[in-house]
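Okay, data23.tsv is below, TSV, C-alpha atoms (C1' of nucleotides):
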```
chain	number	residue	atom	x	y	z
N	1	MET	CA	116.06	-86.15	-16.40
N	2	TYR	CA	113.35	-86.11	-18.99
N	3	LYS	CA	114.59	-86.33	-22.54
N	4	LEU	CA	112.98	-83.90	-24.96
N	5	LEU	CA	112.95	-82.94	-28.60
N	6	PHE	CA	112.13	-79.27	-29.21
N	7	LEU	CA	110.30	-78.15	-32.34
N	8	GLY	CA	110.20	-74.39	-32.88
N	9	THR	CA	111.09	-71.67	-35.34
N	10	SER	CA	110.27	-68.04	-34.58
N	11	ALA	CA	111.27	-65.71	-31.75
N	12	PHE	CA	108.16	-66.72	-29.80
N	13	ALA	CA	109.75	-70.11	-29.17
N	14	VAL	CA	113.13	-68.89	-27.97
N	15	PRO	CA	112.28	-68.14	-24.30
N	16	SER	CA	110.62	-71.54	-23.97
N	17	LEU	CA	113.64	-73.30	-25.41
N	18	ARG	CA	115.93	-71.40	-23.11
N	19	ALA	CA	113.78	-72.15	-20.05
N	20	LEU	CA	113.76	-75.87	-20.75
N	21	LYS	CA	117.46	-75.97	-21.45
N	22	GLU	CA	118.29	-74.12	-18.24
N	23	ASP	CA	115.92	-76.23	-16.12
N	24	GLY	CA	117.71	-79.14	-14.49
N	25	ARG	CA	114.85	-81.56	-15.08
N	26	PHE	CA	115.20	-81.71	-18.85
N	27	GLU	CA	117.68	-82.75	-21.46
N	28	ILE	CA	117.25	-81.34	-24.97
N	29	ALA	CA	118.23	-84.18	-27.24
N	30	GLY	CA	117.73	-82.16	-30.39
N	31	ILE	CA	116.02	-79.31	-32.18
N	32	ILE	CA	113.72	-79.43	-35.17
N	33	THR	CA	113.30	-76.08	-36.88
N	34	GLN	CA	112.46	-74.75	-40.32
N	35	PRO	CA	115.14	-74.48	-42.98
N	36	ASP	CA	117.12	-71.25	-43.38
N	37	LYS	CA	115.15	-68.93	-45.61
N	38	PRO	CA	115.94	-66.04	-47.93
N	39	VAL	CA	114.94	-62.89	-46.10
N	40	GLY	CA	114.92	-59.18	-46.82
N	41	ARG	CA	115.63	-57.13	-49.94
N	42	HIS	CA	118.73	-59.03	-50.86
N	43	ALA	CA	117.25	-62.41	-50.08
N	44	THR	CA	119.98	-63.19	-47.58
N	45	LEU	CA	119.74	-66.77	-46.39
N	46	THR	CA	118.83	-66.40	-42.72
N	47	PRO	CA	118.58	-69.04	-40.02
N	48	PRO	CA	115.39	-69.07	-37.90
N	49	ALA	CA	115.58	-67.51	-34.41
N	50	VAL	CA	115.39	-70.91	-32.74
N	51	LYS	CA	118.42	-72.20	-34.62
N	52	VAL	CA	120.46	-69.18	-33.57
N	53	ALA	CA	119.38	-69.63	-29.94
N	54	ALA	CA	120.06	-73.36	-30.02
N	55	LYS	CA	123.61	-72.77	-31.13
N	56	GLU	CA	124.10	-70.23	-28.36
N	57	LEU	CA	122.84	-72.80	-25.90
N	58	GLY	CA	125.31	-75.33	-27.19
N	59	ILE	CA	122.74	-77.63	-28.75
N	60	SER	CA	124.37	-79.20	-31.77
N	61	GLU	CA	121.70	-81.67	-32.89
N	62	ILE	CA	119.65	-79.46	-35.22
N	63	GLN	CA	117.34	-80.81	-37.90
N	64	GLN	CA	115.86	-78.55	-40.57
N	65	PRO	CA	113.68	-80.69	-42.79
N	66	ALA	CA	111.88	-78.93	-45.63
N	67	LYS	CA	109.21	-81.60	-45.39
N	68	LEU	CA	108.56	-83.81	-42.40
N	69	LYS	CA	108.11	-86.86	-44.59
N	70	GLU	CA	111.63	-86.49	-45.99
N	71	GLU	CA	113.35	-89.88	-45.90
N	72	ASP	CA	116.44	-88.87	-43.93
N	73	PHE	CA	114.55	-86.83	-41.38
N	74	LYS	CA	111.88	-89.44	-40.84
N	75	LYS	CA	114.51	-92.03	-40.20
N	76	TRP	CA	116.26	-89.75	-37.73
N	77	VAL	CA	113.16	-88.85	-35.76
N	78	GLU	CA	111.81	-92.37	-35.70
N	79	ASP	CA	115.13	-93.44	-34.33
N	80	ILE	CA	115.46	-90.88	-31.57
N	81	GLY	CA	111.75	-90.22	-30.86
N	82	PRO	CA	110.88	-93.34	-28.86
N	83	SER	CA	113.72	-92.68	-26.45
N	84	CYS	CA	112.24	-89.26	-25.64
N	85	ASP	CA	109.77	-88.63	-22.87
N	86	ALA	CA	108.11	-85.84	-24.79
N	87	PHE	CA	108.37	-83.43	-27.71
N	88	VAL	CA	107.66	-79.73	-27.18
N	89	VAL	CA	106.32	-77.62	-30.04
N	90	VAL	CA	106.36	-73.81	-29.91
N	91	SER	CA	105.55	-71.82	-33.06
N	92	TYR	CA	107.15	-74.40	-35.30
N	93	GLY	CA	105.10	-73.45	-38.34
N	94	LYS	CA	104.27	-76.88	-39.71
N	95	ILE	CA	101.46	-79.25	-38.87
N	96	LEU	CA	102.74	-82.48	-37.41
N	97	PRO	CA	101.68	-85.70	-39.14
N	98	SER	CA	99.87	-88.22	-36.98
N	99	TRP	CA	102.70	-90.76	-37.11
N	100	MET	CA	104.87	-88.30	-35.19
N	101	LEU	CA	102.38	-87.89	-32.38
N	102	GLU	CA	102.97	-91.49	-31.30
N	103	LEU	CA	106.76	-91.34	-31.17
N	104	PRO	CA	107.60	-89.92	-27.73
N	105	LYS	CA	106.59	-91.89	-24.66
N	106	HIS	CA	104.21	-89.32	-23.20
N	107	GLY	CA	103.16	-87.29	-26.19
N	108	ILE	CA	103.77	-83.90	-27.74
N	109	PHE	CA	103.12	-80.60	-25.94
N	110	ASN	CA	102.53	-77.12	-27.18
N	111	VAL	CA	102.66	-73.53	-25.94
N	112	HIS	CA	99.85	-71.51	-27.52
N	113	GLY	CA	99.49	-67.72	-27.27
N	114	SER	CA	95.90	-67.49	-26.10
N	115	LEU	CA	93.49	-68.92	-23.55
N	116	LEU	CA	92.16	-71.90	-25.45
N	117	PRO	CA	89.62	-72.67	-26.74
N	118	ARG	CA	89.55	-68.95	-27.57
N	119	TRP	CA	91.65	-68.12	-30.63
N	120	ARG	CA	92.58	-71.46	-32.03
N	121	GLY	CA	94.77	-70.90	-35.08
N	122	PRO	CA	97.98	-69.22	-36.17
N	123	SER	CA	97.50	-65.57	-35.07
N	124	PRO	CA	96.01	-65.69	-31.56
N	125	ILE	CA	97.93	-62.71	-30.20
N	126	GLN	CA	96.78	-60.27	-32.87
N	127	ALA	CA	93.28	-61.73	-32.76
N	128	ALA	CA	92.90	-61.03	-29.05
N	129	ILE	CA	93.87	-57.37	-29.37
N	130	LEU	CA	91.84	-56.89	-32.53
N	131	ALA	CA	88.74	-58.28	-30.85
N	132	GLY	CA	89.21	-55.93	-27.90
N	133	ASP	CA	89.74	-58.72	-25.38
N	134	ASP	CA	90.94	-57.38	-22.03
N	135	ARG	CA	92.54	-60.63	-20.98
N	136	THR	CA	94.56	-63.28	-22.72
N	137	GLY	CA	97.36	-65.63	-21.79
N	138	VAL	CA	99.17	-68.79	-22.72
N	139	THR	CA	97.95	-72.36	-22.81
N	140	ILE	CA	100.12	-75.43	-22.31
N	141	MET	CA	98.34	-78.28	-24.06
N	142	LYS	CA	98.88	-81.78	-25.28
N	143	ILE	CA	98.74	-82.02	-29.05
N	144	ASN	CA	96.25	-84.31	-30.72
N	145	GLU	CA	95.34	-84.77	-34.36
N	146	LYS	CA	93.21	-81.64	-34.49
N	147	MET	CA	94.70	-78.18	-34.64
N	148	ASP	CA	94.81	-76.54	-31.18
N	149	GLU	CA	92.11	-78.85	-29.78
N	150	GLY	CA	94.16	-80.97	-27.42
N	151	PRO	CA	93.58	-81.26	-23.66
N	152	ILE	CA	94.87	-78.42	-21.49
N	153	LEU	CA	97.61	-78.82	-18.89
N	154	LEU	CA	97.63	-75.23	-17.73
N	155	GLU	CA	96.40	-71.77	-18.63
N	156	GLU	CA	98.21	-68.68	-17.39
N	157	GLN	CA	96.29	-65.43	-17.73
N	158	THR	CA	97.43	-61.86	-18.17
N	159	ALA	CA	95.71	-58.54	-18.80
N	160	ILE	CA	96.10	-56.87	-22.17
N	161	HIS	CA	97.32	-53.33	-21.54
N	162	PRO	CA	95.27	-50.55	-23.14
N	163	ASP	CA	98.00	-49.40	-25.55
N	164	GLU	CA	99.79	-52.68	-25.95
N	165	THR	CA	100.84	-53.62	-29.47
N	166	GLY	CA	100.86	-57.09	-30.95
N	167	GLY	CA	104.64	-57.11	-30.78
N	168	GLU	CA	104.72	-56.17	-27.12
N	169	LEU	CA	102.11	-58.74	-26.19
N	170	HIS	CA	103.94	-61.33	-28.29
N	171	ASP	CA	107.08	-60.79	-26.26
N	172	ARG	CA	105.24	-60.90	-22.94
N	173	LEU	CA	103.41	-64.10	-23.81
N	174	ALA	CA	106.59	-65.71	-25.08
N	175	ASN	CA	108.16	-65.07	-21.68
N	176	LEU	CA	105.01	-66.00	-19.79
N	177	GLY	CA	104.88	-69.32	-21.60
N	178	ALA	CA	108.54	-69.92	-20.84
N	179	THR	CA	108.05	-69.32	-17.12
N	180	VAL	CA	105.23	-71.85	-16.76
N	181	LEU	CA	106.31	-74.46	-19.30
N	182	PRO	CA	109.04	-76.34	-17.39
N	183	HIS	CA	107.16	-76.97	-14.15
N	184	THR	CA	103.90	-77.68	-15.97
N	185	LEU	CA	105.50	-80.23	-18.23
N	186	ALA	CA	107.43	-81.77	-15.34
N	187	ALA	CA	104.24	-82.04	-13.30
N	188	TYR	CA	102.53	-83.88	-16.13
N	189	LEU	CA	105.44	-86.24	-16.69
N	190	ASP	CA	105.56	-86.86	-12.92
N	191	GLU	CA	101.87	-87.79	-13.23
N	192	LYS	CA	100.87	-85.03	-10.86
N	193	LEU	CA	98.68	-83.18	-13.34
N	194	GLU	CA	95.56	-84.28	-15.18
N	195	PRO	CA	94.86	-82.50	-18.51
N	196	LYS	CA	91.38	-81.11	-19.07
N	197	GLU	CA	89.51	-81.40	-22.34
N	198	GLN	CA	88.65	-78.13	-24.06
N	199	ASN	CA	85.06	-76.98	-24.28
N	200	GLY	CA	84.80	-76.97	-28.06
N	201	SER	CA	81.52	-75.09	-28.07
N	202	LYS	CA	83.35	-71.98	-26.85
N	203	ALA	CA	86.01	-72.09	-29.51
N	204	THR	CA	86.88	-69.09	-31.65
N	205	TYR	CA	89.28	-69.14	-34.56
N	206	CYS	CA	91.88	-66.91	-36.19
N	207	LYS	CA	93.55	-67.20	-39.55
N	208	ILE	CA	97.04	-66.81	-40.81
N	209	LEU	CA	97.92	-63.17	-41.46
N	210	THR	CA	99.47	-61.71	-44.58
N	211	ARG	CA	100.49	-58.17	-45.44
N	212	ASN	CA	97.25	-57.74	-47.34
N	213	ASP	CA	95.30	-58.25	-44.14
N	214	GLY	CA	96.89	-55.03	-42.93
N	215	ARG	CA	95.05	-52.80	-45.39
N	216	LEU	CA	92.85	-50.39	-43.45
N	217	ASP	CA	89.21	-50.59	-44.44
N	218	TRP	CA	87.71	-47.15	-43.90
N	219	ALA	CA	84.20	-48.56	-43.88
N	220	LYS	CA	84.94	-49.74	-40.37
N	221	THR	CA	84.80	-47.53	-37.31
N	222	ALA	CA	87.90	-45.73	-36.15
N	223	ASP	CA	87.89	-47.73	-32.92
N	224	GLU	CA	88.18	-50.98	-34.82
N	225	LEU	CA	90.86	-49.51	-37.06
N	226	ALA	CA	92.86	-48.22	-34.10
N	227	ARG	CA	92.76	-51.67	-32.53
N	228	MET	CA	93.91	-53.15	-35.80
N	229	VAL	CA	96.85	-50.75	-35.98
N	230	ARG	CA	97.76	-51.77	-32.45
N	231	ALA	CA	97.27	-55.50	-32.97
N	232	TYR	CA	99.11	-55.69	-36.27
N	233	HIS	CA	102.19	-53.76	-35.20
N	234	PRO	CA	104.82	-54.72	-36.16
N	235	TRP	CA	103.45	-57.72	-38.08
N	236	PRO	CA	101.82	-57.65	-40.57
N	237	GLY	CA	101.59	-53.88	-40.19
N	238	THR	CA	98.72	-51.67	-41.34
N	239	TRP	CA	98.61	-49.40	-44.35
N	240	THR	CA	96.45	-47.32	-46.61
N	241	ILE	CA	96.83	-45.38	-49.84
N	242	VAL	CA	97.05	-41.58	-49.62
N	243	ASN	CA	97.65	-39.49	-52.73
N	244	GLU	CA	98.50	-42.63	-54.69
N	245	THR	CA	101.28	-43.64	-52.34
N	246	ARG	CA	101.30	-46.37	-49.79
N	247	LEU	CA	101.38	-45.17	-46.22
N	248	LYS	CA	102.08	-47.48	-43.33
N	249	VAL	CA	100.25	-46.52	-40.17
N	250	VAL	CA	102.44	-47.28	-37.19
N	251	LYS	CA	100.39	-45.66	-34.44
N	252	ALA	CA	96.89	-44.19	-34.53
N	253	ARG	CA	94.18	-42.76	-32.30
N	254	ALA	CA	90.44	-42.93	-32.83
N	255	PHE	CA	88.18	-39.94	-32.11
N	256	GLN	CA	84.68	-38.66	-32.80
N	257	TYR	CA	84.41	-36.35	-35.80
N	258	GLU	CA	80.98	-35.02	-36.54
N	259	LYS	CA	81.55	-33.47	-39.96
N	260	LEU	CA	80.33	-35.72	-42.68
N	261	LEU	CA	83.26	-36.91	-44.73
N	262	LYS	CA	83.35	-39.80	-47.10
N	263	PRO	CA	85.14	-42.72	-45.41
N	264	GLY	CA	88.79	-42.73	-46.41
N	265	THR	CA	89.02	-38.95	-46.90
N	266	PRO	CA	92.22	-37.43	-45.53
N	267	PHE	CA	91.95	-34.17	-43.60
N	268	VAL	CA	93.84	-32.09	-41.10
N	269	HIS	CA	92.48	-31.61	-37.60
N	270	ASP	CA	94.33	-29.69	-34.86
N	271	GLY	CA	97.36	-29.64	-37.11
N	272	LEU	CA	97.53	-33.41	-37.36
N	273	PRO	CA	96.84	-35.76	-40.26
N	274	CYS	CA	93.57	-37.69	-39.96
N	275	ILE	CA	91.46	-39.94	-42.12
N	276	ALA	CA	87.69	-40.21	-41.92
N	277	ALA	CA	86.27	-43.58	-40.99
N	278	THR	CA	82.61	-44.41	-40.63
N	279	SER	CA	79.83	-43.64	-38.09
N	280	GLY	CA	81.14	-40.18	-37.24
N	281	THR	CA	84.59	-41.41	-36.32
N	282	ALA	CA	88.04	-40.66	-37.63
N	283	LEU	CA	91.56	-41.90	-37.15
N	284	GLU	CA	94.40	-39.57	-36.24
N	285	LEU	CA	97.66	-40.75	-37.77
N	286	VAL	CA	100.05	-40.43	-34.85
N	287	GLU	CA	103.00	-42.14	-36.49
N	288	VAL	CA	103.33	-43.13	-40.13
N	289	GLN	CA	105.84	-44.43	-42.64
N	290	PRO	CA	105.54	-43.38	-46.29
N	291	GLU	CA	106.96	-45.90	-48.72
N	292	GLY	CA	110.67	-45.37	-49.17
N	293	LYS	CA	110.92	-43.34	-45.97
N	294	LYS	CA	111.56	-43.98	-42.34
N	295	ALA	CA	108.79	-43.88	-39.78
N	296	MET	CA	107.90	-40.36	-38.62
N	297	SER	CA	105.36	-38.57	-36.47
N	298	GLY	CA	102.15	-37.34	-38.06
N	299	ASN	CA	103.40	-33.84	-37.47
N	300	GLU	CA	106.57	-34.39	-39.45
N	301	PHE	CA	104.66	-36.16	-42.17
N	302	LEU	CA	102.39	-33.15	-42.63
N	303	ARG	CA	105.30	-30.74	-42.63
N	304	GLY	CA	106.78	-32.39	-45.66
N	305	MET	CA	103.81	-33.82	-47.52
N	306	ARG	CA	101.62	-30.80	-47.58
N	307	SER	CA	99.71	-32.22	-50.52
N	308	PHE	CA	97.76	-33.90	-47.74
N	309	LEU	CA	96.16	-30.49	-47.24
N	310	ARG	CA	94.67	-30.38	-50.73
N	311	ASN	CA	92.00	-32.83	-49.74
Q	1	C	C1'	122.18	-59.33	-60.54
Q	2	G	C1'	113.85	-59.69	-58.23
Q	3	C	C1'	110.90	-54.46	-58.65
Q	4	G	C1'	110.92	-49.52	-56.76
Q	5	G	C1'	111.71	-44.90	-53.57
Q	6	G	C1'	115.33	-42.03	-50.91
Q	7	A	C1'	120.07	-39.22	-48.71
Q	8	U	C1'	119.82	-30.98	-49.25
Q	9	A	C1'	120.67	-26.80	-41.67
Q	10	G	C1'	118.55	-30.32	-35.49
Q	11	A	C1'	113.37	-32.63	-37.99
Q	12	G	C1'	110.18	-33.23	-42.31
Q	13	C	C1'	110.59	-31.63	-47.36
Q	14	A	C1'	111.04	-28.40	-52.26
Q	15	G	C1'	114.71	-27.38	-55.80
Q	16	U	C1'	117.41	-31.98	-60.12
Q	17	C	C1'	113.72	-33.08	-66.01
Q	18	A	C1'	115.60	-27.61	-68.53
Q	19	G	C1'	123.31	-26.26	-64.88
Q	20	G	C1'	123.45	-19.75	-63.06
Q	21	C	C1'	122.52	-16.08	-55.38
Q	22	A	C1'	120.95	-22.53	-50.77
Q	23	G	C1'	114.93	-22.43	-50.24
Q	24	C	C1'	109.92	-23.95	-47.51
Q	25	U	C1'	107.26	-25.58	-43.01
Q	26	C	C1'	108.97	-26.30	-38.19
Q	27	G	C1'	112.54	-26.49	-34.27
Q	28	C	C1'	116.56	-23.73	-31.78
Q	29	C	C1'	118.71	-18.78	-29.86
Q	30	A	C1'	117.71	-13.43	-28.75
Q	31	G	C1'	114.14	-9.69	-28.30
Q	32	G	C1'	108.98	-7.82	-28.54
Q	33	C	C1'	103.64	-8.36	-27.60
Q	34	C	C1'	99.93	-10.59	-24.35
Q	35	C	C1'	96.01	-12.00	-18.27
Q	36	A	C1'	97.77	-16.08	-21.08
Q	37	U	C1'	100.01	-19.60	-25.20
Q	38	A	C1'	102.01	-25.35	-28.83
Q	39	A	C1'	99.22	-17.94	-30.61
Q	40	C	C1'	101.34	-13.50	-33.03
Q	41	C	C1'	105.55	-9.86	-34.53
Q	42	U	C1'	110.97	-8.71	-35.26
Q	43	G	C1'	115.87	-10.32	-35.61
Q	44	G	C1'	119.67	-14.33	-35.50
Q	45	A	C1'	122.64	-18.76	-35.58
Q	46	G	C1'	122.89	-23.22	-38.11
Q	47	G	C1'	124.80	-26.33	-44.97
Q	48	U	C1'	131.67	-30.57	-47.01
Q	49	C	C1'	123.58	-30.50	-50.86
Q	50	G	C1'	125.69	-38.97	-48.41
Q	51	G	C1'	131.17	-40.01	-50.44
Q	52	G	C1'	134.77	-40.08	-54.65
Q	53	G	C1'	135.94	-38.97	-59.64
Q	54	G	C1'	134.59	-36.56	-64.43
Q	55	U	C1'	132.31	-32.66	-67.91
Q	56	U	C1'	131.82	-27.19	-67.64
Q	57	C	C1'	133.40	-20.29	-67.23
Q	58	A	C1'	129.88	-22.31	-63.61
Q	59	A	C1'	127.23	-28.62	-60.74
Q	60	A	C1'	122.48	-30.01	-55.34
Q	61	U	C1'	121.28	-30.19	-60.80
Q	62	C	C1'	124.65	-33.60	-66.33
Q	63	C	C1'	128.07	-38.47	-66.69
Q	64	C	C1'	130.72	-42.70	-64.08
Q	65	C	C1'	131.83	-45.33	-59.49
Q	66	C	C1'	130.86	-46.20	-54.21
Q	67	U	C1'	128.34	-46.19	-49.25
Q	68	C	C1'	124.07	-46.04	-46.32
Q	69	C	C1'	118.44	-45.94	-45.39
Q	70	C	C1'	113.54	-47.57	-46.75
Q	71	G	C1'	108.75	-49.59	-49.43
Q	72	C	C1'	107.15	-53.93	-52.37
Q	73	A	C1'	107.92	-58.97	-53.53
Q	74	A	C1'	109.69	-63.82	-51.77
```

Please, can you express the file's structure as structure tokens?
Amino acid sequence: MYKLLFLGTSAFAVPSLRALKEDGRFEIAGIITQPDKPVGRHATLTPPAVKVAAKELGISEIQQPAKLKEEDFKKWVEDIGPSCDAFVVVSYGKILPSWMLELPKHGIFNVHGSLLPRWRGPSPIQAAILAGDDRTGVTIMKINEKMDEGPILLEEQTAIHPDETGGELHDRLANLGATVLPHTLAAYLDEKLEPKEQNGSKATYCKILTRNDGRLDWAKTADELARMVRAYHPWPGTWTIVNETRLKVVKARAFQYEKLLKPGTPFVHDGLPCIAATSGTALELVEVQPEGKKAMSGNEFLRGMRSFLRN
RNA sequence: CGCGGGAUAGAGCAGUCAGGCAGCUCGCCAGGCCCAUAACCUGGAGGUCGGGGGUUCAAAUCCCCCUCCCGCAA
């Protein structure tokens, strides 16, 4: 059995953790995950998804260092690390210091949610949909000192469905990664697989997303905006301001609209709420969520908020 | 005690400030009209106004307490 340490935090990592745990070839010696964090309106201290899953799987050795250079943690990992064959990192959320890379016998491995070197960075899933890519996938790579630049063990492709949201693709890639991770890692550790260096000249990059990135910019075309709504659902979500109130856009459809309206102007077309974009395009608001309200169809939104019609 | 919005018919909302017949746009049911309808016309059913207490001749509306939902922020 290969001895592993698993580093992960969010839901994306859970299927991978589960797959390794349930595979007979590996032993999970411990978990490193982020500290419990205050979450939601009442700032309830909430454990990360990986911690919850680890407990379910009966893994008791769980480390949650706030900083990786913390004395106690460093001592712990330097003690256990060299006895491990490998570490596996899946959406852990912290950059590993170089001294950690040398600890396990055969290195540290990562599941990344894109076909590297395309979409290096922290939001590859949203980036792929936003860019209109028709294919994406997961990459199993060996971590080196540079972010997402390590040699590739395996890439598993999948088509992006035409209406697929970021959340849906996230879940599919999490599972896809989990199905290929155990045998890929085992093959490498068995010395049956030679990693390939990435072609850095083909690299593209994505940045970390915040809620502010979800503000719809009506100077773009409706097609771009519709892709953004799709890519950013449910995180970080997309929104705009209508009649001085914030309106989340959950689902939207782009269409051609020849009348000249200033970008950002709300109007009603075929009984549905729309907003003018640029280049003769407009976005139909299929499903929205006004602040303080639950999500509702565009139809329902119009029925109540008829001030939309004034514009 | 982080800031804020909300709960009224099956859905989305107005009415609350300033107490006085429970409303609007839809949906639903029945009928009519039409070559036709997600159109139009007529009629109808459907409400403990989130819950509890208080003030009042009278409370969706004013006062106190509680529950639940949501936006922001972190």

Problem set entry | Of the listed residues N:Trp218, N:Phe26, N:Phe109, N:Trp239, that which approaches chain Q most closely, counting all atoms listed in the file | N:Trp239

Exercise. If we count all atoms listed in the file, what is near region 97-100 of chain N at a cut-off of 10 Å, once residues fewer than 5 positions away on the same chain are taken out, given as a ChimeraX atom specification?
Worked result: /N:68-69,74,77-78,81,87,107-108,144-146

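Checking N:Arg118, N:Lys142, N:Arg227, N:Lys3 one by one against Ala203 (chain N), counting only C-alpha atoms, you find the shortest gap at N:Arg118.
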
Exercise. Using only C-alpha atoms (C1' of nucleotides), which residues sit within 9 Å of Val242 (chain N) once same-chain residues fewer than 4 positions away are excluded, as a ChimeraX atom specification?
Worked result: /N:246-247,264-266,308

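Atom to atom, C1' of C28 (chain Q) and CA of Met296 (chain N) stand 20.0 Å apart.
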
Problem set entry | Surrounding residues of Ile80 (chain N) excluding itself and chain neighbours under 2 positions, 10 Å, all atoms listed in the file, as a VMD selection string | chain N and resid 4 to 5 29 to 30 75 to 78 82 to 84 103 to 104

Exercise. Could you pull the residues within 7 Å of Thr278 (chain N), counting all atoms listed in the file, minus those fewer than 6 positions along the same chain, as a VMD selection string?
Worked result: chain N and resid 218 to 221 263

Problem set entry | Nearby residues (only C-alpha atoms (C1' of nucleotides)) at most 6 Å from region 66-71 of chain Q, same-chain spacing under 5 positions excluded, as an NGL selection string | :N and (291-293)

For this session: Counting all atoms listed in the file, figure out which residue out of N:Ala66, N:Ala186, N:Ala254, N:Val39 gets nearest to Ala276 (chain N).
Result: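 Checking each of N:Ala66, N:Ala186, N:Ala254, N:Val39 against Ala276 (chain N), counting all atoms listed in the file, the winner is N:Ala254.
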
Problem set entry | Test item: chain N residues at most 12 Å from chain Q, counting only C-alpha atoms (C1' of nucleotides), as a ChimeraX atom specification | /N:37-45,211-212,239,245-248,270-271,289-307

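Straight-line separation from CA of Ser114 (chain N) to CA of Val138 (chain N): 4.9 Å.
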
With the input short on atoms, add N, CA and C atoms back to region 89-107 of chain N and write it as a PDB file, in the frame of the given file.
```pdb
ATOM      1  N   VAL N  89     106.472 -78.400 -28.825  1.00  0.00           N
ATOM      2  CA  VAL N  89     106.320 -77.620 -30.040  1.00  0.00           C
ATOM      3  C   VAL N  89     105.929 -76.186 -29.680  1.00  0.00           C
ATOM      4  N   VAL N  90     106.715 -75.213 -30.115  1.00  0.00           N
ATOM      5  CA  VAL N  90     106.360 -73.810 -29.910  1.00  0.00           C
ATOM      6  C   VAL N  90     106.589 -73.065 -31.218  1.00  0.00           C
ATOM      7  N   SER N  91     105.506 -72.561 -31.789  1.00  0.00           N
ATOM      8  CA  SER N  91     105.550 -71.820 -33.060  1.00  0.00           C
ATOM      9  C   SER N  91     106.548 -72.448 -34.033  1.00  0.00           C
ATOM     10  N   TYR N  92     106.285 -73.702 -34.351  1.00  0.00           N
ATOM     11  CA  TYR N  92     107.150 -74.400 -35.300  1.00  0.00           C
ATOM     12  C   TYR N  92     106.793 -74.024 -36.726  1.00  0.00           C
ATOM     13  N   GLY N  93     105.499 -73.916 -37.018  1.00  0.00           N
ATOM     14  CA  GLY N  93     105.100 -73.450 -38.340  1.00  0.00           C
ATOM     15  C   GLY N  93     104.713 -74.544 -39.316  1.00  0.00           C
ATOM     16  N   LYS N  94     104.746 -75.783 -38.872  1.00  0.00           N
ATOM     17  CA  LYS N  94     104.270 -76.880 -39.710  1.00  0.00           C
ATOM     18  C   LYS N  94     103.335 -77.748 -38.883  1.00  0.00           C
ATOM     19  N   ILE N  95     102.360 -78.335 -39.560  1.00  0.00           N
ATOM     20  CA  ILE N  95     101.460 -79.250 -38.870  1.00  0.00           C
ATOM     21  C   ILE N  95     102.103 -80.617 -38.780  1.00  0.00           C
ATOM     22  N   LEU N  96     102.068 -81.191 -37.600  1.00  0.00           N
ATOM     23  CA  LEU N  96     102.740 -82.480 -37.410  1.00  0.00           C
ATOM     24  C   LEU N  96     101.862 -83.617 -37.915  1.00  0.00           C
ATOM     25  N   PRO N  97     102.443 -84.534 -38.666  1.00  0.00           N
ATOM     26  CA  PRO N  97     101.680 -85.700 -39.140  1.00  0.00           C
ATOM     27  C   PRO N  97     101.376 -86.639 -37.972  1.00  0.00           C
ATOM     28  N   SER N  98     100.323 -87.408 -38.118  1.00  0.00           N
ATOM     29  CA  SER N  98      99.870 -88.220 -36.980  1.00  0.00           C
ATOM     30  C   SER N  98     100.899 -89.264 -36.572  1.00  0.00           C
ATOM     31  N   TRP N  99     101.711 -89.751 -37.504  1.00  0.00           N
ATOM     32  CA  TRP N  99     102.700 -90.760 -37.110  1.00  0.00           C
ATOM     33  C   TRP N  99     103.732 -90.219 -36.127  1.00  0.00           C
ATOM     34  N   MET N 100     103.911 -88.883 -36.128  1.00  0.00           N
ATOM     35  CA  MET N 100     104.870 -88.300 -35.190  1.00  0.00           C
ATOM     36  C   MET N 100     104.324 -88.232 -33.780  1.00  0.00           C
ATOM     37  N   LEU N 101     102.993 -88.072 -33.703  1.00  0.00           N
ATOM     38  CA  LEU N 101     102.380 -87.890 -32.380  1.00  0.00           C
ATOM     39  C   LEU N 101     102.625 -89.104 -31.478  1.00  0.00           C
ATOM     40  N   GLU N 102     102.829 -90.257 -32.082  1.00  0.00           N
ATOM     41  CA  GLU N 102     102.970 -91.490 -31.300  1.00  0.00           C
ATOM     42  C   GLU N 102     104.411 -91.770 -30.882  1.00  0.00           C
ATOM     43  N   LEU N 103     105.354 -90.990 -31.399  1.00  0.00           N
ATOM     44  CA  LEU N 103     106.760 -91.340 -31.170  1.00  0.00           C
ATOM     45  C   LEU N 103     107.217 -91.211 -29.714  1.00  0.00           C
ATOM     46  N   PRO N 104     107.078 -90.046 -29.097  1.00  0.00           N
ATOM     47  CA  PRO N 104     107.600 -89.920 -27.730  1.00  0.00           C
ATOM     48  C   PRO N 104     106.710 -90.652 -26.733  1.00  0.00           C
ATOM     49  N   LYS N 105     107.312 -91.057 -25.625  1.00  0.00           N
ATOM     50  CA  LYS N 105     106.590 -91.890 -24.660  1.00  0.00           C
ATOM     51  C   LYS N 105     105.311 -91.253 -24.144  1.00  0.00           C
ATOM     52  N   HIS N 106     105.369 -89.949 -23.851  1.00  0.00           N
ATOM     53  CA  HIS N 106     104.210 -89.320 -23.200  1.00  0.00           C
ATOM     54  C   HIS N 106     103.519 -88.258 -24.038  1.00  0.00           C
ATOM     55  N   GLY N 107     103.894 -88.187 -25.309  1.00  0.00           N
ATOM     56  CA  GLY N 107     103.160 -87.290 -26.190  1.00  0.00           C
ATOM     57  C   GLY N 107     103.903 -86.012 -26.539  1.00  0.00           C
TER      58      GLY N 107
END
```
